[in-house]
file entry36.txt (compact mmCIF, C-alpha atoms)
# COMPACT_ATOMS: atom_id res chain seq x y z
CA MET R 859 193.35 302.74 -55.24
CA GLU R 860 196.03 300.06 -55.00
CA LYS R 861 195.08 296.75 -56.57
CA TYR R 862 196.40 293.43 -55.29
CA ASP R 863 196.82 290.12 -57.04
CA LEU R 864 194.91 288.43 -54.22
CA ILE R 865 192.81 289.50 -51.27
CA VAL R 866 192.37 286.91 -48.53
CA VAL R 867 189.46 287.39 -46.14
CA GLY R 868 190.15 285.80 -42.74
CA ALA R 869 193.48 285.38 -40.93
CA GLY R 870 193.02 281.96 -39.38
CA PRO R 871 195.37 279.09 -40.24
CA ALA R 872 193.92 278.66 -43.75
CA GLY R 873 194.07 282.35 -44.58
CA LEU R 874 197.53 282.90 -43.11
CA PHE R 875 198.98 279.84 -44.81
CA ALA R 876 197.48 280.55 -48.22
CA ALA R 877 198.49 284.21 -48.11
CA ALA R 878 202.08 283.32 -47.22
CA ARG R 879 202.36 280.77 -50.03
CA VAL R 880 201.00 283.16 -52.65
CA GLY R 881 203.20 285.97 -51.35
CA ALA R 882 206.28 283.75 -51.37
CA GLY R 883 205.42 282.83 -54.96
CA GLY R 884 205.61 286.46 -56.03
CA GLY R 885 201.97 287.54 -55.74
CA THR R 886 200.91 290.77 -54.05
CA VAL R 887 198.54 289.83 -51.24
CA LEU R 888 196.27 291.73 -48.85
CA LEU R 889 195.04 289.79 -45.81
CA LEU R 890 191.99 291.20 -44.03
CA GLU R 891 191.06 290.15 -40.48
CA LYS R 892 188.11 291.40 -38.44
CA LYS R 893 189.74 290.85 -35.02
CA LYS R 894 192.54 293.01 -33.73
CA LYS R 895 194.95 290.08 -33.88
CA PRO R 896 195.11 287.14 -36.31
CA GLY R 897 194.74 283.47 -35.42
CA ARG R 898 192.42 283.81 -32.43
CA LYS R 899 190.64 280.51 -32.99
CA LEU R 900 193.90 278.63 -33.48
CA LEU R 901 194.95 279.73 -30.01
CA VAL R 902 191.99 277.97 -28.39
CA SER R 903 192.23 274.79 -30.48
CA GLY R 904 192.95 271.67 -28.47
CA SER R 905 192.37 273.64 -25.26
CA GLY R 906 195.23 275.92 -26.26
CA GLN R 907 197.55 273.03 -27.12
CA CYS R 908 196.76 272.89 -30.87
CA ASN R 909 196.23 269.32 -32.05
CA ILE R 910 197.62 270.27 -35.45
CA THR R 911 197.16 267.00 -37.34
CA HIS R 912 196.98 263.22 -37.02
CA ALA R 913 199.69 260.65 -37.66
CA GLY R 914 199.45 257.73 -40.08
CA SER R 915 198.83 257.34 -43.79
CA VAL R 916 197.00 260.22 -45.44
CA THR R 917 194.58 257.68 -46.95
CA GLU R 918 193.28 257.09 -43.41
CA PHE R 919 192.08 260.70 -43.43
CA PHE R 920 189.60 260.12 -46.23
CA THR R 921 187.09 258.41 -43.90
CA ARG R 922 187.30 261.07 -41.20
CA TYR R 923 185.14 263.77 -42.81
CA GLY R 924 181.75 262.08 -42.98
CA LYS R 925 180.48 261.90 -46.53
CA HIS R 926 182.84 264.65 -47.72
CA GLY R 927 186.16 262.82 -47.50
CA GLN R 928 185.99 262.15 -51.24
CA PHE R 929 185.94 265.88 -51.99
CA LEU R 930 189.07 266.44 -49.90
CA LYS R 931 191.20 263.74 -51.54
CA PRO R 932 193.05 266.06 -53.98
CA ALA R 933 193.78 268.58 -51.22
CA LEU R 934 194.95 265.98 -48.72
CA ARG R 935 197.16 264.32 -51.33
CA ALA R 936 198.61 267.63 -52.48
CA PHE R 937 199.55 268.68 -48.94
CA THR R 938 199.57 265.67 -46.64
CA ASN R 939 199.87 265.34 -42.89
CA ALA R 940 203.52 264.41 -43.47
CA ASP R 941 203.97 267.64 -45.45
CA LEU R 942 202.42 269.67 -42.65
CA ILE R 943 204.61 268.00 -40.03
CA ALA R 944 207.71 268.64 -42.15
CA HIS R 945 206.68 272.27 -42.70
CA VAL R 946 206.21 272.94 -39.00
CA THR R 947 209.24 271.07 -37.68
CA GLY R 948 211.40 272.48 -40.47
CA ARG R 949 210.65 275.96 -39.15
CA GLY R 950 211.72 275.24 -35.62
CA VAL R 951 208.56 273.97 -33.92
CA PRO R 952 209.08 270.38 -32.70
CA LEU R 953 206.04 268.12 -32.64
CA THR R 954 205.05 265.14 -30.50
CA THR R 955 202.73 262.30 -31.50
CA GLU R 956 200.50 260.94 -28.76
CA GLU R 957 199.41 257.34 -28.44
CA GLY R 958 196.34 257.26 -30.65
CA GLY R 959 197.91 259.47 -33.31
CA LYS R 960 197.19 263.05 -32.25
CA VAL R 961 200.06 265.42 -33.12
CA PHE R 962 200.81 268.43 -30.90
CA PRO R 963 203.59 270.99 -30.54
CA THR R 964 206.02 269.48 -28.05
CA SER R 965 205.61 272.67 -26.00
CA ARG R 966 201.82 272.11 -25.95
CA LYS R 967 201.45 275.78 -26.91
CA ALA R 968 199.22 276.78 -29.83
CA GLN R 969 201.05 280.11 -29.79
CA ASP R 970 204.15 278.40 -31.23
CA VAL R 971 202.19 277.31 -34.31
CA LEU R 972 200.62 280.74 -34.68
CA ASP R 973 204.03 282.43 -34.40
CA LEU R 974 205.25 280.21 -37.24
CA LEU R 975 202.30 281.26 -39.42
CA LEU R 976 202.80 284.93 -38.57
CA ALA R 977 206.46 284.72 -39.51
CA GLY R 978 205.43 283.09 -42.78
CA TYR R 979 203.19 285.92 -43.98
CA ARG R 980 205.72 288.56 -42.87
CA ASP R 981 208.59 286.87 -44.70
CA ALA R 982 206.42 286.63 -47.82
CA GLY R 983 205.69 290.36 -47.85
CA VAL R 984 201.96 289.99 -47.29
CA THR R 985 200.10 293.14 -46.25
CA ILE R 986 197.77 292.50 -43.32
CA ARG R 987 195.07 294.75 -41.93
CA CYS R 988 193.54 293.64 -38.64
CA GLY R 989 190.52 295.13 -36.96
CA GLU R 990 188.92 295.68 -40.39
CA PRO R 991 185.78 293.57 -40.73
CA VAL R 992 184.80 293.04 -44.34
CA VAL R 993 181.28 294.34 -44.94
CA ALA R 994 180.81 293.41 -48.60
CA VAL R 995 182.47 291.72 -51.56
CA GLU R 996 181.57 292.27 -55.20
CA LYS R 997 182.65 290.89 -58.55
CA THR R 998 183.94 293.56 -60.90
CA GLU R 999 184.90 293.51 -64.57
CA ASP R 1000 188.57 293.00 -63.76
CA GLY R 1001 188.39 291.15 -60.43
CA PHE R 1002 186.88 291.91 -57.06
CA SER R 1003 185.98 294.82 -54.81
CA VAL R 1004 186.20 294.25 -51.06
CA ARG R 1005 184.78 296.88 -48.73
CA THR R 1006 185.58 297.29 -45.04
CA ALA R 1007 184.59 299.98 -42.57
CA ALA R 1008 187.89 301.67 -43.40
CA GLY R 1009 187.67 301.68 -47.17
CA GLU R 1010 187.63 299.70 -50.38
CA TYR R 1011 190.26 297.36 -51.82
CA ARG R 1012 190.56 295.78 -55.25
CA SER R 1013 192.11 292.52 -56.38
CA ALA R 1014 192.33 290.24 -59.37
CA LEU R 1015 191.48 287.17 -57.29
CA LEU R 1016 189.70 286.58 -53.98
CA LEU R 1017 190.08 283.85 -51.34
CA ILE R 1018 187.46 283.46 -48.62
CA ALA R 1019 188.94 281.76 -45.54
CA THR R 1020 186.72 283.11 -42.78
CA GLY R 1021 186.15 279.83 -40.94
CA GLY R 1022 182.75 278.68 -39.74
CA ALA R 1023 180.47 279.92 -36.96
CA SER R 1024 181.87 278.06 -33.95
CA TYR R 1025 183.66 279.88 -31.11
CA PRO R 1026 182.18 283.23 -32.26
CA ALA R 1027 184.25 285.16 -29.71
CA THR R 1028 187.32 284.37 -31.83
CA GLY R 1029 185.79 286.01 -34.91
CA SER R 1030 184.16 282.97 -36.52
CA THR R 1031 180.64 284.27 -36.89
CA GLY R 1032 179.68 282.92 -40.31
CA ASP R 1033 180.59 286.04 -42.30
CA GLY R 1034 182.04 283.96 -45.12
CA TYR R 1035 178.70 282.30 -45.77
CA ALA R 1036 177.11 285.68 -46.41
CA PHE R 1037 179.94 286.75 -48.73
CA ALA R 1038 179.75 283.50 -50.69
CA ALA R 1039 175.96 283.73 -50.95
CA SER R 1040 176.17 287.33 -52.17
CA LEU R 1041 178.40 286.10 -54.99
CA GLY R 1042 175.89 283.42 -55.98
CA HIS R 1043 176.96 280.36 -53.98
CA THR R 1044 174.62 277.95 -52.22
CA ILE R 1045 175.13 277.56 -48.47
CA VAL R 1046 174.32 274.17 -46.98
CA ARG R 1047 172.46 274.61 -43.68
CA THR R 1048 174.97 275.14 -40.89
CA ALA R 1049 174.95 273.76 -37.35
CA PRO R 1050 177.44 273.17 -34.54
CA ALA R 1051 179.63 270.05 -34.81
CA LEU R 1052 182.23 268.41 -32.57
CA ALA R 1053 180.06 269.50 -29.67
CA PRO R 1054 179.07 267.91 -26.35
CA VAL R 1055 175.40 267.13 -25.74
CA THR R 1056 173.07 267.84 -22.87
CA VAL R 1057 170.80 265.02 -21.69
CA ARG R 1058 167.20 265.12 -20.45
CA ASP R 1059 166.67 263.98 -16.86
CA TYR R 1060 170.41 263.38 -16.67
CA PRO R 1061 171.27 260.98 -13.83
CA PHE R 1062 175.06 261.40 -13.82
CA ALA R 1063 175.53 265.13 -13.14
CA ASP R 1064 177.60 264.57 -10.00
CA LEU R 1065 179.88 262.12 -11.83
CA ALA R 1066 181.38 264.79 -14.09
CA GLY R 1067 184.94 263.89 -15.04
CA ILE R 1068 184.45 260.12 -15.13
CA SER R 1069 185.37 258.66 -18.51
CA LEU R 1070 185.02 255.37 -20.36
CA GLN R 1071 187.61 254.22 -22.89
CA GLY R 1072 186.85 252.76 -26.29
CA VAL R 1073 183.07 252.49 -26.10
CA THR R 1074 180.77 252.37 -29.13
CA VAL R 1075 177.91 254.86 -28.74
CA SER R 1076 174.85 254.29 -30.94
CA LEU R 1077 172.48 257.01 -32.13
CA PHE R 1078 168.76 256.38 -32.69
CA ARG R 1079 165.96 258.61 -33.97
CA ALA R 1080 162.32 257.53 -33.75
CA GLY R 1081 163.49 253.99 -33.15
CA LYS R 1082 165.73 253.89 -36.23
CA LYS R 1083 169.48 253.57 -35.91
CA ILE R 1084 171.25 256.59 -37.43
CA GLY R 1085 174.82 255.48 -36.78
CA ASP R 1086 177.40 254.73 -34.16
CA GLN R 1087 180.83 255.96 -33.14
CA ARG R 1088 183.65 254.32 -31.21
CA GLY R 1089 185.91 256.31 -28.93
CA ASP R 1090 186.37 257.59 -25.40
CA LEU R 1091 183.35 259.03 -23.60
CA LEU R 1092 183.29 261.67 -20.86
CA PHE R 1093 180.50 262.35 -18.36
CA THR R 1094 179.98 266.09 -17.82
CA HIS R 1095 177.79 268.12 -15.46
CA GLU R 1096 175.01 268.34 -18.05
CA GLY R 1097 175.53 265.40 -20.38
CA LEU R 1098 178.14 263.64 -22.46
CA SER R 1099 181.34 264.60 -24.25
CA GLY R 1100 184.58 262.96 -25.35
CA PRO R 1101 185.61 261.87 -28.87
CA ALA R 1102 182.80 259.30 -29.27
CA ILE R 1103 180.17 262.00 -28.70
CA LEU R 1104 182.00 264.84 -30.45
CA ASP R 1105 182.47 262.85 -33.65
CA LEU R 1106 178.84 261.69 -33.56
CA SER R 1107 177.48 265.16 -32.81
CA ARG R 1108 177.31 266.21 -36.48
CA PHE R 1109 174.33 263.86 -36.79
CA ILE R 1110 172.64 264.45 -33.41
CA GLU R 1111 169.36 266.34 -33.04
CA PRO R 1112 167.24 267.18 -29.96
CA GLY R 1113 165.13 264.21 -28.90
CA ASP R 1114 167.49 261.60 -30.31
CA THR R 1115 168.43 258.59 -28.20
CA LEU R 1116 172.00 257.63 -27.32
CA VAL R 1117 172.78 254.07 -26.24
CA VAL R 1118 175.96 253.86 -24.19
CA PRO R 1119 177.48 250.45 -23.32
CA VAL R 1120 179.28 250.98 -20.03
CA LEU R 1121 180.36 247.37 -20.57
CA PRO R 1122 180.24 245.70 -24.01
CA GLU R 1123 176.95 244.07 -25.01
CA GLY R 1124 178.91 240.87 -25.57
CA MET R 1125 179.54 240.62 -21.83
CA ARG R 1126 175.83 240.40 -21.03
CA GLU R 1127 175.79 236.60 -20.75
CA GLU R 1128 178.99 236.58 -18.69
CA ILE R 1129 177.58 239.12 -16.22
CA THR R 1130 174.27 237.22 -16.06
CA ALA R 1131 176.14 234.01 -15.21
CA ALA R 1132 178.29 235.77 -12.61
CA LEU R 1133 175.22 237.17 -10.86
CA ALA R 1134 173.36 233.85 -11.08
CA GLY R 1135 176.26 232.03 -9.48
CA GLY R 1136 177.07 234.70 -6.92
CA GLY R 1137 174.99 233.15 -4.14
CA GLY R 1138 175.49 235.08 -0.91
CA ALA R 1139 177.96 237.54 -2.41
CA ARG R 1140 176.73 241.12 -2.66
CA VAL R 1141 175.76 242.28 -6.15
CA ARG R 1142 178.11 245.27 -6.03
CA ALA R 1143 181.02 243.05 -5.01
CA VAL R 1144 180.45 240.77 -8.00
CA LEU R 1145 180.11 243.68 -10.40
CA SER R 1146 183.24 245.37 -9.01
CA ARG R 1147 185.28 242.72 -10.85
CA TYR R 1148 184.43 244.48 -14.10
CA PRO R 1149 186.14 247.65 -15.42
CA VAL R 1150 183.50 250.15 -14.33
CA PRO R 1151 184.48 253.20 -12.23
CA GLU R 1152 183.30 252.65 -8.65
CA ARG R 1153 181.15 255.79 -8.44
CA LEU R 1154 179.49 254.99 -11.76
CA LEU R 1155 178.79 251.41 -10.67
CA LYS R 1156 177.17 252.67 -7.48
CA ARG R 1157 174.97 255.05 -9.49
CA ILE R 1158 173.92 252.27 -11.89
CA THR R 1159 172.91 249.95 -9.03
CA ASP R 1160 170.98 252.82 -7.46
CA LEU R 1161 169.19 253.53 -10.75
CA SER R 1162 168.36 249.82 -10.97
CA GLU R 1163 166.93 250.01 -7.43
CA VAL R 1164 169.39 247.47 -6.06
CA PRO R 1165 170.10 248.28 -2.38
CA PRO R 1166 173.80 248.19 -1.34
CA GLU R 1167 173.48 245.02 0.76
CA THR R 1168 171.56 243.01 -1.83
CA THR R 1169 173.09 239.61 -2.47
CA CYS R 1170 173.02 237.82 -5.80
CA ALA R 1171 170.69 235.20 -4.32
CA HIS R 1172 168.13 237.89 -3.48
CA LEU R 1173 168.41 239.83 -6.77
CA THR R 1174 165.02 239.79 -8.51
CA LYS R 1175 164.74 239.04 -12.21
CA ALA R 1176 163.33 242.53 -12.86
CA ALA R 1177 166.23 244.20 -11.01
CA ARG R 1178 168.77 242.03 -12.84
CA THR R 1179 167.23 242.95 -16.21
CA CYS R 1180 167.32 246.64 -15.33
CA LEU R 1181 170.91 246.33 -14.11
CA LEU R 1182 172.06 244.62 -17.31
CA GLN R 1183 170.28 247.27 -19.38
CA HIS R 1184 172.11 250.09 -17.59
CA LEU R 1185 175.45 248.30 -17.84
CA THR R 1186 175.37 247.20 -21.48
CA ALA R 1187 172.90 249.58 -23.13
CA CYS R 1188 172.39 252.66 -20.99
CA THR R 1189 169.77 254.71 -22.87
CA LEU R 1190 169.81 258.52 -22.66
CA THR R 1191 167.67 261.11 -24.46
CA VAL R 1192 169.39 264.13 -25.96
CA ASP R 1193 168.10 267.49 -24.81
CA ALA R 1194 170.27 269.36 -27.31
CA PRO R 1195 173.70 269.29 -28.92
CA GLY R 1196 176.01 272.03 -27.68
CA GLY R 1197 175.78 275.39 -29.44
CA TYR R 1198 178.34 277.38 -31.40
CA GLY R 1199 179.92 278.64 -28.19
CA VAL R 1200 181.20 275.16 -27.32
CA ALA R 1201 181.31 273.47 -30.74
CA MET R 1202 184.80 273.01 -32.15
CA VAL R 1203 183.70 273.27 -35.78
CA THR R 1204 180.68 274.00 -37.97
CA ARG R 1205 178.92 271.52 -40.21
CA GLY R 1206 177.49 272.86 -43.43
CA GLY R 1207 178.84 275.80 -45.41
CA VAL R 1208 179.65 276.54 -49.04
CA ALA R 1209 178.18 273.72 -51.14
CA LEU R 1210 180.96 271.45 -52.39
CA ASP R 1211 179.37 270.75 -55.76
CA GLU R 1212 179.98 274.43 -56.56
CA VAL R 1213 183.72 274.22 -55.81
CA ASP R 1214 186.43 272.57 -57.92
CA GLN R 1215 188.03 270.00 -55.62
CA LYS R 1216 191.29 270.17 -57.59
CA THR R 1217 191.79 273.92 -57.14
CA MET R 1218 189.34 275.09 -54.42
CA GLY R 1219 188.13 277.51 -57.08
CA SER R 1220 184.50 278.53 -57.47
CA LYS R 1221 182.50 277.00 -60.30
CA CYS R 1222 180.13 279.95 -60.07
CA VAL R 1223 182.45 282.96 -59.98
CA ASP R 1224 185.67 283.22 -61.95
CA GLY R 1225 188.65 284.07 -59.73
CA LEU R 1226 186.99 283.18 -56.42
CA TYR R 1227 188.55 280.56 -54.12
CA PHE R 1228 187.76 279.01 -50.74
CA ALA R 1229 189.82 277.36 -48.00
CA GLY R 1230 189.12 275.90 -44.59
CA GLU R 1231 185.97 275.60 -42.55
CA VAL R 1232 183.86 277.99 -44.64
CA LEU R 1233 183.39 274.99 -46.93
CA ASP R 1234 180.82 272.29 -46.15
CA ILE R 1235 183.47 270.17 -44.45
CA ASP R 1236 183.73 269.03 -40.85
CA GLY R 1237 186.13 266.34 -39.70
CA ASP R 1238 186.42 264.16 -36.64
CA CYS R 1239 188.30 265.44 -33.62
CA GLY R 1240 191.97 264.53 -33.55
CA GLY R 1241 193.64 267.12 -35.80
CA PHE R 1242 191.62 266.40 -38.93
CA ASN R 1243 190.00 269.82 -39.20
CA ILE R 1244 193.22 271.82 -38.90
CA GLN R 1245 194.83 269.50 -41.45
CA ALA R 1246 191.93 270.18 -43.82
CA ALA R 1247 192.45 273.92 -43.34
CA PHE R 1248 196.13 273.69 -44.29
CA SER R 1249 195.53 271.26 -47.17
CA THR R 1250 192.75 273.29 -48.79
CA ALA R 1251 194.78 276.47 -48.30
CA ALA R 1252 197.83 274.93 -49.97
CA LEU R 1253 195.75 273.70 -52.90
CA ALA R 1254 194.05 277.07 -53.32
CA ALA R 1255 197.36 278.93 -53.11
CA GLY R 1256 198.88 276.75 -55.80
CA ALA R 1257 195.89 277.34 -58.06
CA VAL R 1258 196.06 281.10 -57.45
CA LEU R 1259 199.74 281.22 -58.38
CA ARG R 1260 199.10 279.30 -61.60
CA ARG R 1261 196.23 281.63 -62.43
CA LEU R 1262 198.36 284.71 -61.79
CA SER R 1263 201.07 283.30 -64.03
CA GLU R 1264 198.52 282.72 -66.82
CA MET R 1265 197.16 286.25 -66.39
CA LYS R 1266 200.61 287.79 -66.67
CA GLU R 1267 201.45 285.70 -69.70
CA GLY R 1268 198.15 286.64 -71.27
call {"tool": "encode", "arguments": {"input": "entry36.txt", "output": "structure tokens"}}
result
Amino acid sequence: MEKYDLIVVGAGPAGLFAAARVGAGGGTVLLLEKKKKPGRKLLVSGSGQCNITHAGSVTEFFTRYGKHGQFLKPALRAFTNADLIAHVTGRGVPLTTEEGGKVFPTSRKAQDVLDLLLAGYRDAGVTIRCGEPVVAVEKTEDGFSVRTAAGEYRSALLLIATGGASYPATGSTGDGYAFAASLGHTIVRTAPALAPVTVRDYPFADLAGISLQGVTVSLFRAGKKIGDQRGDLLFTHEGLSGPAILDLSRFIEPGDTLVVPVLPEGMREEITAALAGGGGARVRAVLSRYPVPERLLKRITDLSEVPPETTCAHLTKAARTCLLQHLTACTLTVDAPGGYGVAMVTRGGVALDEVDQKTMGSKCVDGLYFAGEVLDIDGDCGGFNIQAAFSTAALAAGAVLRRLSEMKEG
């Protein structure tokens, strides 16, 4: 039985990148992938356009991973967004930065990024076996045993880079959690993240596609504020989406309340004064001066039971109060966050206090490493999760190469 220096489980961006770096550094590497082709999830990222990272200082990334940004600091500093951009462009894939900081391939094709990663592992002499789901991993006296349906492989070191449980059709079905747990690691409860939400008694189903820019959505549970998130918001057929909702979704549970300011709360007095001084002008005509999409404004006046021909002079106090509530603090009850089939990433995963943040090595099992979404890390939308995959992979690969060097010297 041939023994490798490193076996990598999972051929997503983290697995492909780590395998290539270890192979290029002289290590013998076997890459195992359950799907027939590698990189399936990368191909659907950013709706197939692959928002690969975010522009700006790497220090700005530290606040974009919830409470786990601190853990990622060594990885993000060791392989920054600037390093990733240089790596990709230096290998012939030009990138474009959008207003707002999102970085995409200029072609808008995720396939171009995947092709770059595939060329990387081939050039590094990595052996890849696709269509071989791993069924078990075990620690042995001299390394690891990895079993697939096709056979057994041995290695000195092992890297788990299986991703999370989101988009299961691409192969991310949570296998890595089971492997890590079988080796003694704690798995923090997993759930979908970066997901849209469905809303109970949703009144905006026929307004799907309408969006609001730069709103601050607040999240409440049992009357207590959990947090808020600023960003664009999108009305869907069943509820809400867009960056403000996606980034907040890691905290959302069924029954929570979302407060959406169609117009800023600070405009409440201005709108009140405009309606009070509107006289014979129709309410809708006065409100049309404000930046609210026409169809949404019509729906809000209907929900506030304000007939189309109502003038400001005939607007009752109760109707005005209801109208202001819908405009500046529209309150919606969450039916459920979207499931794994629509979630971009998974929250939860391998507990971070059991992983060395400077190497991505296990504190529980000697020779075991992790990279990417299998860890208890989930970032905001905007390229932060793919950057984390590359950064943790680079850090793990560097640690593996140092370990291999020490083993050979020893």
call {"tool": "closest_residue", "arguments": {"input": "entry36.txt", "among": "R:Thr886, R:Thr1020, R:Thr1044, R:Thr1031", "to": "R:Ala1229", "atoms": "all atoms listed in the file"}}
result
R:Thr1020
call {"tool": "axis_aligned_box", "arguments": {"input": "entry36.txt", "around": "stretch 865-880 of chain R", "padding_each_side": "3 Å", "output": "lines of an AutoDock Vina configuration file"}}
result
center_x = 195.9
center_y = 284.1
center_z = -46.0
size_x = 18.9
size_y = 16.8
size_z = 19.3
call {"tool": "residues_near_point", "arguments": {"input": "entry36.txt", "point": "(174.9, 241.6, -0.3)", "cutoff": "6 Å", "atoms": "all atoms listed in the file", "output": "PyMOL selection string"}}
result
chain R and resi 1139-1141+1167-1169
call {"tool": "write_last_selection", "arguments": {"input": "entry36.txt", "atoms": "C-alpha atoms", "output": "PDB file, in the coordinates of the input"}}
result
ATOM      1  CA  ALA R1139     177.960 237.540  -2.410  1.00  0.00           C
ATOM      2  CA  ARG R1140     176.730 241.120  -2.660  1.00  0.00           C
ATOM      3  CA  VAL R1141     175.760 242.280  -6.150  1.00  0.00           C
ATOM      4  CA  GLU R1167     173.480 245.020   0.760  1.00  0.00           C
ATOM      5  CA  THR R1168     171.560 243.010  -1.830  1.00  0.00           C
ATOM      6  CA  THR R1169     173.090 239.610  -2.470  1.00  0.00           C
TER       7      THR R1169
END
call {"tool": "closest_residue", "arguments": {"input": "entry36.txt", "among": "R:Leu1116, R:Val1223, R:Leu890, R:Leu1016", "to": "R:Leu1041", "atoms": "all atoms listed in the file"}}
result
R:Val1223
call {"tool": "closest_residue", "arguments": {"input": "entry36.txt", "among": "R:Arg1012, R:Lys1216, R:Lys1221, R:Lys1156", "to": "R:Arg935", "atoms": "all atoms listed in the file"}}
result
R:Lys1216
call {"tool": "residues_near_point", "arguments": {"input": "entry36.txt", "point": "(177.6, 255.1, -26.0)", "cutoff": "7 Å", "atoms": "all atoms listed in the file", "output": "list of chain:residue names"}}
result
R:Val1073, R:Thr1074, R:Val1075, R:Ser1076, R:Leu1116, R:Val1117, R:Val1118, R:Pro1119
call {"tool": "residues_around", "arguments": {"input": "entry36.txt", "residues": "stretch 983-990 of chain R", "least_positions_apart": "2", "cutoff": "7 Å", "atoms": "all atoms listed in the file", "output": "NGL selection string"}}
result
:R and (877-878 or 881 or 886-895 or 979-981 or 992 or 1006-1008)
call {"tool": "residues_around", "arguments": {"input": "entry36.txt", "residues": "R:Pro1026", "least_positions_apart": "5", "cutoff": "10 Å", "atoms": "all atoms listed in the file", "output": "ChimeraX atom specification"}}
result
/R:899,1031-1032,1198-1201
call {"tool": "residues_around", "arguments": {"input": "entry36.txt", "residues": "stretch 1059-1068 of chain R", "least_positions_apart": "6", "cutoff": "7 Å", "atoms": "all atoms listed in the file", "output": "PyMOL selection string"}}
result
chain R and resi 1092-1097
call {"tool": "write_last_selection", "arguments": {"input": "entry36.txt", "atoms": "C-alpha atoms", "output": "PDB file, in the coordinates of the input"}}
result
ATOM      1  CA  LEU R1092     183.290 261.670 -20.860  1.00  0.00           C
ATOM      2  CA  PHE R1093     180.500 262.350 -18.360  1.00  0.00           C
ATOM      3  CA  THR R1094     179.980 266.090 -17.820  1.00  0.00           C
ATOM      4  CA  HIS R1095     177.790 268.120 -15.460  1.00  0.00           C
ATOM      5  CA  GLU R1096     175.010 268.340 -18.050  1.00  0.00           C
ATOM      6  CA  GLY R1097     175.530 265.400 -20.380  1.00  0.00           C
TER       7      GLY R1097
END
call {"tool": "closest_residue", "arguments": {"input": "entry36.txt", "among": "R:Lys967, R:Arg898, R:Lys960, R:Lys1266", "to": "R:Gly1241", "atoms": "all atoms listed in the file"}}
result
R:Lys960
call {"tool": "residues_around", "arguments": {"input": "entry36.txt", "residues": "R:Pro1054", "least_positions_apart": "5", "cutoff": "7 Å", "atoms": "only C-alpha atoms", "output": "compact mmCIF listing (two decimals) with C-alpha atoms, in the coordinates of the input"}}
result
# COMPACT_ATOMS: atom_id res chain seq x y z
CA LEU R 1098 178.14 263.64 -22.46
CA SER R 1099 181.34 264.60 -24.25
CA ILE R 1103 180.17 262.00 -28.70
CA LEU R 1104 182.00 264.84 -30.45
CA PRO R 1195 173.70 269.29 -28.92
CA GLY R 1196 176.01 272.03 -27.68
call {"tool": "atom_distance", "arguments": {"input": "entry36.txt", "atom1": "atom CA of R:Ala1036", "atom2": "atom CA of R:Glu996"}}
result
11.9 Å
call {"tool": "atom_distance", "arguments": {"input": "entry36.txt", "atom1": "atom CA of R:Ala968", "atom2": "atom CA of R:Gln1215"}}
result
28.9 Å
call {"tool": "atom_distance", "arguments": {"input": "entry36.txt", "atom1": "atom CA of R:Ala936", "atom2": "atom CA of R:Ile865"}}
result
22.7 Å
call {"tool": "closest_residue", "arguments": {"input": "entry36.txt", "among": "R:Gly927, R:Gly904, R:Gly1256, R:Gly1197", "to": "R:Arg879", "atoms": "all atoms listed in the file"}}
result
R:Gly1256
call {"tool": "closest_residue", "arguments": {"input": "entry36.txt", "among": "R:Gly897, R:Gly1034, R:Gly1124, R:Gly1230", "to": "R:Ala1247", "atoms": "only C-alpha atoms"}}
result
R:Gly1230
call {"tool": "build_atoms", "arguments": {"input": "entry36.txt", "residues": "stretch 876-882 of chain R", "atoms": "N, CA, C and O atoms", "output": "PDB file, in the frame of the given file"}}
result
ATOM      1  N   ALA R 876     197.666 280.282 -46.799  1.00  0.00           N
ATOM      2  CA  ALA R 876     197.480 280.550 -48.220  1.00  0.00           C
ATOM      3  C   ALA R 876     198.122 281.874 -48.618  1.00  0.00           C
ATOM      4  O   ALA R 876     198.796 281.973 -49.663  1.00  0.00           O
ATOM      5  N   ALA R 877     197.918 282.905 -47.816  1.00  0.00           N
ATOM      6  CA  ALA R 877     198.490 284.210 -48.110  1.00  0.00           C
ATOM      7  C   ALA R 877     200.008 284.148 -48.193  1.00  0.00           C
ATOM      8  O   ALA R 877     200.629 284.725 -49.101  1.00  0.00           O
ATOM      9  N   ALA R 878     200.621 283.434 -47.246  1.00  0.00           N
ATOM     10  CA  ALA R 878     202.080 283.320 -47.220  1.00  0.00           C
ATOM     11  C   ALA R 878     202.599 282.596 -48.460  1.00  0.00           C
ATOM     12  O   ALA R 878     203.616 282.984 -49.050  1.00  0.00           O
ATOM     13  N   ARG R 879     201.904 281.536 -48.873  1.00  0.00           N
ATOM     14  CA  ARG R 879     202.360 280.770 -50.030  1.00  0.00           C
ATOM     15  C   ARG R 879     202.234 281.574 -51.330  1.00  0.00           C
ATOM     16  O   ARG R 879     203.108 281.520 -52.199  1.00  0.00           O
ATOM     17  N   VAL R 880     201.149 282.324 -51.451  1.00  0.00           N
ATOM     18  CA  VAL R 880     201.000 283.160 -52.650  1.00  0.00           C
ATOM     19  C   VAL R 880     202.017 284.304 -52.624  1.00  0.00           C
ATOM     20  O   VAL R 880     202.645 284.620 -53.647  1.00  0.00           O
ATOM     21  N   GLY R 881     202.211 284.908 -51.459  1.00  0.00           N
ATOM     22  CA  GLY R 881     203.200 285.970 -51.350  1.00  0.00           C
ATOM     23  C   GLY R 881     204.612 285.483 -51.647  1.00  0.00           C
ATOM     24  O   GLY R 881     205.379 286.143 -52.356  1.00  0.00           O
ATOM     25  N   ALA R 882     204.952 284.313 -51.129  1.00  0.00           N
ATOM     26  CA  ALA R 882     206.280 283.750 -51.370  1.00  0.00           C
ATOM     27  C   ALA R 882     206.469 283.406 -52.839  1.00  0.00           C
ATOM     28  O   ALA R 882     207.600 283.385 -53.341  1.00  0.00           O
TER      29      ALA R 882
END
